[in-house]
file start_8.cif (mmCIF, C-alpha atoms)
data_model
loop_
_atom_site.label_atom_id
_atom_site.label_comp_id
_atom_site.auth_asym_id
_atom_site.auth_seq_id
_atom_site.Cartn_x
_atom_site.Cartn_y
_atom_site.Cartn_z
CA MET B 37 0.00 0.00 0.00
CA ALA B 38 1.32 3.42 -0.89
CA SER B 39 1.02 5.87 2.00
CA ASN B 40 2.53 8.97 0.40
CA ARG B 41 0.02 9.55 -2.38
CA SER B 42 -0.91 13.05 -3.48
CA LEU B 43 -4.24 14.60 -2.53
CA ALA B 44 -5.69 13.68 -5.89
CA VAL B 45 -4.63 10.07 -5.51
CA ALA B 46 -5.93 9.96 -1.94
CA GLN B 47 -9.35 10.85 -3.27
CA ARG B 48 -9.41 8.13 -5.91
CA ARG B 49 -12.43 5.85 -5.98
CA ALA B 50 -13.62 2.78 -7.81
CA ARG B 51 -14.86 3.81 -11.24
CA GLY B 52 -18.03 1.70 -11.35
CA LEU B 53 -19.08 2.25 -7.75
CA VAL B 54 -19.32 5.97 -7.20
CA ALA B 55 -21.15 7.83 -9.92
CA SER B 56 -19.60 11.14 -10.83
CA ALA B 57 -18.57 11.47 -14.45
CA VAL B 58 -18.82 8.90 -17.22
CA LEU B 59 -17.59 9.38 -20.76
CA ALA B 60 -20.54 8.64 -23.04
CA VAL B 61 -19.56 8.87 -26.69
CA ALA B 62 -22.40 8.39 -29.13
CA GLY B 63 -22.07 5.35 -31.34
CA LEU B 64 -19.41 3.54 -29.30
CA LEU B 65 -19.94 0.42 -27.27
CA THR B 66 -17.41 -1.36 -25.10
CA THR B 67 -17.44 -4.96 -23.94
CA SER B 68 -15.61 -6.29 -20.93
CA CYS B 69 -13.61 -9.48 -20.89
CA SER B 70 -12.58 -11.66 -18.01
CA SER B 71 -9.09 -11.53 -16.59
CA SER B 72 -7.03 -14.67 -16.28
CA ASP B 73 -4.85 -13.18 -13.53
CA THR B 74 -4.53 -15.05 -10.27
CA ILE B 75 -6.31 -13.06 -7.57
CA SER B 76 -5.71 -13.57 -3.87
CA THR B 77 -8.88 -13.20 -1.79
CA ASP B 78 -7.86 -14.99 1.42
CA VAL B 79 -8.86 -12.84 4.39
CA THR B 80 -9.84 -13.15 8.04
CA PRO B 81 -12.46 -11.12 9.96
CA PRO B 82 -10.74 -7.78 10.62
CA ALA B 83 -10.63 -6.04 13.98
CA ILE B 84 -12.59 -2.77 14.11
CA ALA B 85 -12.99 -0.02 16.68
CA ALA B 86 -15.44 -0.61 19.52
CA SER B 87 -17.43 2.43 18.40
CA PRO B 88 -16.82 2.99 14.68
CA THR B 89 -17.92 6.26 13.10
CA ALA B 90 -20.30 6.25 10.16
CA PRO B 91 -19.39 8.24 7.03
CA VAL B 92 -21.57 11.24 6.29
CA SER B 93 -22.95 9.51 3.20
CA GLY B 94 -22.66 6.39 1.11
CA TYR B 95 -20.68 8.42 -1.41
CA ASP B 96 -18.19 9.44 1.25
CA GLY B 97 -17.94 5.90 2.61
CA LEU B 98 -17.17 4.40 -0.79
CA SER B 99 -14.81 7.17 -1.89
CA ARG B 100 -12.72 6.66 1.26
CA ALA B 101 -12.62 2.87 1.02
CA PRO B 102 -9.00 1.63 0.79
CA LEU B 103 -9.44 0.06 -2.65
CA SER B 104 -10.68 3.40 -3.96
CA SER B 105 -7.07 4.57 -3.84
CA TYR B 106 -6.50 2.64 -7.06
CA GLY B 107 -7.70 4.10 -10.33
CA THR B 108 -8.49 7.63 -11.38
CA SER B 109 -9.47 10.44 -9.04
CA GLU B 110 -12.35 12.80 -9.76
CA HIS B 111 -9.84 15.38 -10.99
CA ASP B 112 -8.17 12.74 -13.14
CA SER B 113 -11.50 11.78 -14.71
CA ASP B 114 -12.18 15.40 -15.63
CA LEU B 115 -8.74 15.78 -17.18
CA LEU B 116 -8.96 12.48 -19.06
CA PHE B 117 -12.36 13.38 -20.48
CA GLU B 118 -11.16 16.75 -21.73
CA ALA B 119 -7.95 15.32 -23.19
CA ARG B 120 -9.77 12.56 -25.08
CA LYS B 121 -12.37 15.02 -26.35
CA THR B 122 -9.60 17.36 -27.52
CA LEU B 123 -7.92 14.53 -29.42
CA VAL B 124 -11.17 13.54 -31.16
CA ILE B 125 -11.89 17.13 -32.17
CA ARG B 126 -8.40 17.62 -33.54
CA CYS B 127 -8.64 14.36 -35.48
CA MET B 128 -12.08 15.18 -36.88
CA LYS B 129 -10.97 18.58 -38.16
CA SER B 130 -7.92 17.03 -39.77
CA ARG B 131 -10.32 14.82 -41.72
CA GLY B 132 -12.22 17.80 -43.08
CA ASN B 133 -14.97 18.15 -40.45
CA LYS B 134 -14.13 21.81 -39.89
CA THR B 135 -17.18 22.71 -37.78
CA TYR B 136 -17.00 19.66 -35.51
CA SER B 137 -16.72 20.67 -31.85
CA GLY B 138 -17.29 17.44 -29.94
CA GLN B 139 -21.04 17.97 -29.66
CA ASN B 140 -21.77 14.23 -29.48
CA ILE B 141 -19.28 13.61 -26.65
CA THR B 142 -20.96 14.03 -23.29
CA ARG B 143 -20.66 12.95 -19.69
CA VAL B 144 -23.31 11.73 -17.29
CA ALA B 145 -22.84 14.06 -14.35
CA ALA B 146 -24.57 13.98 -11.00
CA ASN B 147 -26.96 16.88 -10.49
CA ILE B 148 -28.26 15.92 -7.07
CA GLY B 149 -25.32 16.51 -4.78
CA LYS B 150 -22.78 14.11 -3.34
CA GLU B 151 -24.95 13.13 -0.37
CA ALA B 152 -27.42 11.53 -2.73
CA LEU B 153 -24.84 9.60 -4.74
CA ARG B 154 -25.42 5.94 -3.92
CA PRO B 155 -27.02 6.81 -0.57
CA VAL B 156 -28.66 3.41 -0.35
CA GLY B 157 -26.71 0.20 -0.14
CA ALA B 158 -26.08 -2.78 2.09
CA TRP B 159 -24.85 -0.22 4.63
CA GLY B 160 -28.28 1.41 4.90
CA TYR B 161 -29.60 4.83 4.01
CA ILE B 162 -27.29 7.73 4.81
CA GLY B 163 -28.20 11.41 4.39
CA ARG B 164 -31.11 12.91 6.27
CA ALA B 165 -31.49 15.89 3.93
CA THR B 166 -31.85 13.56 0.96
CA ALA B 167 -34.26 11.28 2.81
CA LYS B 168 -36.52 14.18 3.79
CA THR B 169 -36.65 15.77 0.35
CA LYS B 170 -36.06 13.02 -2.22
CA GLY B 171 -36.96 9.83 -0.43
CA PHE B 172 -35.52 7.08 -2.57
CA HIS B 173 -35.77 9.11 -5.81
CA THR B 174 -32.05 9.57 -6.13
CA ALA B 175 -31.23 8.07 -9.52
CA ILE B 176 -28.92 10.06 -11.76
CA VAL B 177 -30.60 11.07 -15.01
CA ALA B 178 -28.46 10.84 -18.10
CA PRO B 179 -28.57 13.86 -20.40
CA GLY B 180 -30.38 13.49 -23.67
CA ARG B 181 -28.29 12.88 -26.72
CA ALA B 182 -27.07 16.16 -28.10
CA GLY B 183 -28.08 17.19 -31.57
CA ASP B 184 -25.45 17.23 -34.24
CA GLY B 185 -25.08 21.00 -34.11
CA SER B 186 -22.99 20.69 -37.25
CA ARG B 187 -22.52 18.13 -39.98
CA TYR B 188 -19.79 15.51 -39.66
CA ARG B 189 -19.08 12.12 -41.12
CA GLN B 190 -19.82 9.23 -38.77
CA LYS B 191 -17.10 7.09 -40.32
CA ASP B 192 -14.59 9.81 -39.47
CA PHE B 193 -15.84 9.89 -35.90
CA GLN B 194 -15.45 6.14 -35.56
CA ALA B 195 -11.94 6.32 -36.96
CA CYS B 196 -11.00 9.22 -34.67
CA SER B 197 -12.43 7.44 -31.64
CA THR B 198 -10.35 4.36 -32.44
CA GLU B 199 -7.26 6.51 -32.92
CA THR B 200 -7.89 8.26 -29.58
CA ASP B 201 -8.30 4.94 -27.80
CA LYS B 202 -4.88 3.91 -29.05
CA GLU B 203 -3.18 7.20 -28.18
CA LEU B 204 -4.85 7.67 -24.79
CA PRO B 205 -6.55 4.52 -23.45
CA THR B 206 -8.98 4.86 -20.58
CA LEU B 207 -7.68 1.70 -18.85
CA ALA B 208 -11.30 0.92 -17.94
CA GLU B 209 -10.92 -2.56 -19.42
CA SER B 210 -7.33 -3.13 -18.32
CA ASP B 211 -6.31 -6.05 -16.13
CA GLY B 212 -5.68 -3.64 -13.25
CA SER B 213 -9.12 -2.08 -13.50
CA ARG B 214 -10.78 -5.51 -13.63
CA LEU B 215 -8.69 -6.64 -10.68
CA THR B 216 -9.75 -3.63 -8.62
CA GLN B 217 -13.41 -4.24 -9.47
CA THR B 218 -13.08 -7.93 -8.61
CA LEU B 219 -11.51 -7.14 -5.26
CA PHE B 220 -14.18 -4.55 -4.52
CA ASN B 221 -16.90 -7.11 -5.24
CA GLN B 222 -15.10 -9.68 -3.11
CA SER B 223 -14.87 -7.24 -0.22
CA PHE B 224 -18.61 -6.55 -0.49
CA GLN B 225 -19.35 -10.26 -0.27
CA GLN B 226 -17.02 -10.74 2.68
CA THR B 227 -18.49 -7.74 4.49
CA ALA B 228 -22.08 -8.84 3.92
CA ALA B 229 -21.30 -12.24 5.45
CA ASP B 230 -19.46 -10.81 8.46
CA LYS B 231 -21.36 -11.53 11.70
CA ARG B 232 -21.01 -7.97 12.93
CA VAL B 233 -22.67 -6.63 9.81
CA VAL B 234 -25.33 -9.32 9.90
CA ASP B 235 -26.16 -8.38 13.49
CA ALA B 236 -26.25 -4.68 12.65
CA ARG B 237 -28.62 -5.38 9.76
CA LYS B 238 -30.90 -7.29 12.13
CA ARG B 239 -30.93 -4.29 14.47
CA TRP B 240 -31.80 -2.10 11.50
CA ALA B 241 -34.71 -4.36 10.52
CA THR B 242 -36.03 -4.42 14.09
CA CYS B 243 -35.88 -0.63 14.21
CA MET B 244 -37.73 -0.32 10.88
CA THR B 245 -40.50 -2.61 12.08
CA ALA B 246 -40.89 -0.53 15.24
CA ALA B 247 -41.06 2.61 13.07
CA GLY B 248 -43.94 1.17 11.07
CA HIS B 249 -41.97 0.40 7.91
CA PRO B 250 -41.09 -3.32 8.04
CA ALA B 251 -38.08 -4.11 5.87
CA GLY B 252 -35.40 -6.75 6.02
CA ASP B 253 -32.86 -5.17 3.69
CA PRO B 254 -32.01 -1.51 2.98
CA GLU B 255 -31.47 -2.02 -0.74
CA GLU B 256 -34.76 -3.84 -1.23
CA LEU B 257 -36.57 -1.07 0.62
CA ALA B 258 -34.94 1.58 -1.56
CA ALA B 259 -35.73 -0.34 -4.76
CA GLY B 260 -39.46 0.05 -4.45
CA PRO B 261 -42.22 0.11 -5.08
CA TRP B 262 -41.46 3.83 -5.41
CA ASP B 263 -42.40 4.24 -9.08
CA THR B 264 -44.15 7.61 -8.84
CA ALA B 265 -42.77 10.66 -10.64
CA GLN B 266 -42.17 12.38 -7.31
CA PRO B 267 -41.66 10.85 -3.86
CA THR B 268 -44.88 10.31 -1.91
CA ALA B 269 -45.39 11.10 1.76
CA GLN B 270 -45.13 7.36 2.50
CA GLU B 271 -41.82 7.13 0.67
CA ILE B 272 -40.43 10.16 2.50
CA ALA B 273 -41.50 8.64 5.81
CA ALA B 274 -39.88 5.29 4.97
CA ALA B 275 -36.66 6.92 3.80
CA THR B 276 -36.46 9.12 6.88
CA ALA B 277 -37.06 6.10 9.12
CA ALA B 278 -34.36 4.18 7.24
CA GLU B 279 -31.89 7.01 7.79
CA SER B 280 -32.72 7.11 11.50
CA CYS B 281 -32.51 3.35 11.90
CA THR B 282 -29.18 3.29 10.06
CA ALA B 283 -27.80 5.63 12.71
CA SER B 284 -29.30 3.90 15.75
CA SER B 285 -28.33 0.40 14.58
CA LEU B 286 -24.78 1.52 13.70
CA LEU B 287 -25.25 -0.34 10.42
CA ALA B 288 -23.30 2.10 8.27
CA ALA B 289 -20.62 2.62 10.91
CA VAL B 290 -20.01 -1.11 11.32
CA TYR B 291 -20.35 -1.85 7.60
CA PHE B 292 -17.72 0.59 6.39
CA ALA B 293 -15.32 -0.25 9.23
CA VAL B 294 -15.54 -3.95 8.35
CA LEU B 295 -15.32 -3.21 4.63
CA ALA B 296 -12.12 -1.22 5.14
CA GLY B 297 -10.61 -4.05 7.15
CA TYR B 298 -11.24 -6.64 4.45
CA GLN B 299 -10.03 -4.32 1.70
CA ARG B 300 -6.73 -3.62 3.46
CA GLN B 301 -6.05 -7.36 3.54
CA LEU B 302 -6.96 -7.74 -0.13
CA ILE B 303 -4.64 -4.87 -1.01
CA ILE B 304 -1.73 -6.47 0.84
CA ALA B 305 -2.36 -9.81 -0.85
CA ASN B 306 -2.51 -8.22 -4.31
CA SER B 307 -0.16 -5.28 -3.78
CA ALA B 308 2.17 -6.02 -6.70
CA ALA B 309 -0.60 -6.09 -9.30
CA LEU B 310 -2.39 -3.09 -7.79
CA ASN B 311 0.78 -1.01 -7.68
CA THR B 312 1.53 -1.89 -11.29
CA TYR B 313 -1.99 -0.77 -12.23
CA GLN B 314 -1.57 2.50 -10.36
CA GLN B 315 1.69 3.16 -12.16
CA GLN B 316 -0.14 2.64 -15.47
CA VAL B 317 -2.86 5.06 -14.37
CA ASP B 318 -0.37 7.71 -13.28
CA LYS B 319 1.58 7.37 -16.54
CA ASN B 320 -1.64 7.64 -18.53
CA MET B 321 -2.69 10.75 -16.63
CA ASP B 322 0.69 12.39 -17.22
CA LYS B 323 0.21 11.77 -20.93
CA ALA B 324 -3.36 13.13 -20.80
CA ALA B 325 -2.16 16.32 -19.13
CA ARG B 326 0.57 16.76 -21.74
CA LEU B 327 -1.79 16.14 -24.66
CA LEU B 328 -4.39 18.52 -23.25
CA ALA B 329 -1.74 21.21 -22.78
CA GLU B 330 -0.58 20.71 -26.37
CA GLY B 331 -4.15 20.84 -27.62
CA THR B 332 -4.86 24.14 -25.86
CA GLY B 333 -1.53 25.71 -26.67
CA ASN B 334 -0.27 25.61 -23.06
CA ALA B 335 2.46 23.02 -23.48
CA PRO B 336 5.82 24.06 -22.01
#

call {"tool": "encode", "arguments": {"input": "start_8.cif", "output": "structure tokens"}}
result
Amino acid sequence: MASNRSLAVAQRRARGLVASAVLAVAGLLTTSCSSSDTISTDVTPPAIAASPTAPVSGYDGLSRAPLSSYGTSEHDSDLLFEARKTLVIRCMKSRGNKTYSGQNITRVAANIGKEALRPVGAWGYIGRATAKTKGFHTAIVAPGRAGDGSRYRQKDFQACSTETDKELPTLAESDGSRLTQTLFNQSFQQTAADKRVVDARKRWATCMTAAGHPAGDPEELAAGPWDTAQPTAQEIAAATAAESCTASSLLAAVYFAVLAGYQRQLIIANSAALNTYQQQVDKNMDKAARLLAEGTGNAP
């Protein structure tokens, strides 16, 4: 484990677990493939503090999880998006699409605040303000596909996208990225089966029954049936009760403490591969910064 990471690296988080910014390029699809790497997942129940502290939100809890130190930070994701977009635009203009400005390259960005990002999970519902105003209506809405704005040849765009992928890969489908995702999923499974989390979830369910909203699992409660356009009074009441029961049962506090303990062990067991991945990410980000500077005329 690297302990002397920069602030940006310290704020890294797993790409598929905390929604913030996703590159959505019209007309391109990616497919994942399985990794053949040997992954070590042997762990033992970790020791945690007698009175662990809950994160302020599910977003905060996930972003501070030990495995979230591997991959791209929020700042990195912004830079990578802009660099890749700049490369596509430059390529498109070189192919004669003089008015092309990247109008079909967009990101899905959260517009509901960090508290509401993944507030509901196996750890319970975190975020009283969100519970009282949005209930469980916290899904991120993707922006509509932008109009062309100007004419360009689709075959040129496909070619430029392929060229950009070669010059500045996202690493989203790299062995290191898949390893990190696999270890994250493994840590979730280990945490869910941990007796301390199981007991905390039982306390949460007992609290919810007493509050008049029987539920055995936070994620099932959040999933529905809340299919109205806007949250109903019943949904608000259930969400608020879930937030309160999460606090009183210590579900989130115990969950994230246990999760961190398992992840630290997984990191130690797979440190060589994870460190190699992080070196690839850092090298890629250095290249992205250089290409973006060149594209905007700010290169040294």

call {"tool": "resolve_selection", "arguments": {"input": "start_8.cif", "expression": "the PyMOL selection byres ((chain B and resi 207) around 12)", "output": "ChimeraX atom specification"}}
result
/B:51,66,68,106-108,113,116,201-206,208-216,313-321

call {"tool": "closest_residue", "arguments": {"input": "start_8.cif", "among": "B:Ala236, B:His173, B:Ile125, B:Val294", "to": "Trp262 (chain B)", "atoms": "only C-alpha atoms"}}
result
B:His173

call {"tool": "closest_residue", "arguments": {"input": "start_8.cif", "among": "B:Cys196, B:Ala325, B:Met128, B:Ala167", "to": "His111 (chain B)", "atoms": "only C-alpha atoms"}}
result
B:Ala325

call {"tool": "closest_residue", "arguments": {"input": "start_8.cif", "among": "B:Thr200, B:Gln190, B:Ser307, B:Thr245", "to": "Ala277 (chain B)", "atoms": "only C-alpha atoms"}}
result
B:Thr245

call {"tool": "resolve_selection", "arguments": {"input": "start_8.cif", "expression": "the PyMOL selection byres ((chain B and resi 293) around 12)", "output": "MDAnalysis selection string"}}
result
chainID B and resid 81:91 97:98 100:102 159 223 227 230 232:233 286:292 294:300

call {"tool": "resolve_selection", "arguments": {"input": "start_8.cif", "expression": "the PyMOL selection byres ((chain B and resi 132-134) around 8)", "output": "PyMOL selection string"}}
result
chain B and resi 128-131+135-136+187-189

call {"tool": "write_last_selection", "arguments": {"input": "start_8.cif", "atoms": "C-alpha atoms", "output": "tab-separated table (two decimals), keeping the file's coordinate frame"}}
result
chain	number	residue	atom	x	y	z
B	128	MET	CA	-12.08	15.18	-36.88
B	129	LYS	CA	-10.97	18.58	-38.16
B	130	SER	CA	-7.92	17.03	-39.77
B	131	ARG	CA	-10.32	14.82	-41.72
B	135	THR	CA	-17.18	22.71	-37.78
B	136	TYR	CA	-17.00	19.66	-35.51
B	187	ARG	CA	-22.52	18.13	-39.98
B	188	TYR	CA	-19.79	15.51	-39.66
B	189	ARG	CA	-19.08	12.12	-41.12

call {"tool": "atom_distance", "arguments": {"input": "start_8.cif", "atom1": "CA of Arg239 (chain B)", "atom2": "CA of Ser285 (chain B)"}}
result
5.4 Å

call {"tool": "residues_around", "arguments": {"input": "start_8.cif", "residues": "region 248-254 of chain B", "least_positions_apart": "3", "cutoff": "8 Å", "atoms": "all atoms listed in the file", "output": "ChimeraX atom specification"}}
result
/B:156-161,237-238,241-242,244-245,257-258,274,277-278

call {"tool": "atom_distance", "arguments": {"input": "start_8.cif", "atom1": "CA of Trp240 (chain B)", "atom2": "CA of Tyr95 (chain B)"}}
result
20.0 Å

call {"tool": "closest_residue", "arguments": {"input": "start_8.cif", "among": "B:Ser137, B:Ser105, B:Gln301, B:Thr276", "to": "Gln222 (chain B)", "atoms": "all atoms listed in the file"}}
result
B:Gln301

call {"tool": "closest_residue", "arguments": {"input": "start_8.cif", "among": "B:Val92, B:Thr174, B:Lys168, B:Glu118", "to": "Ala265 (chain B)", "atoms": "only C-alpha atoms"}}
result
B:Thr174

call {"tool": "closest_residue", "arguments": {"input": "start_8.cif", "among": "B:Gly94, B:Ala275, B:Gln270, B:Ala259", "to": "Ile162 (chain B)", "atoms": "all atoms listed in the file"}}
result
B:Gly94

call {"tool": "atom_distance", "arguments": {"input": "start_8.cif", "atom1": "CA of Ala329 (chain B)", "atom2": "CA of Asn311 (chain B)"}}
result
27.0 Å

call {"tool": "residues_near_point", "arguments": {"input": "start_8.cif", "point": "(-29.5, 12.0, 8.4)", "cutoff": "7 Å", "atoms": "only C-alpha atoms", "output": "NGL selection string"}}
result
:B and (162-165 or 279-280)
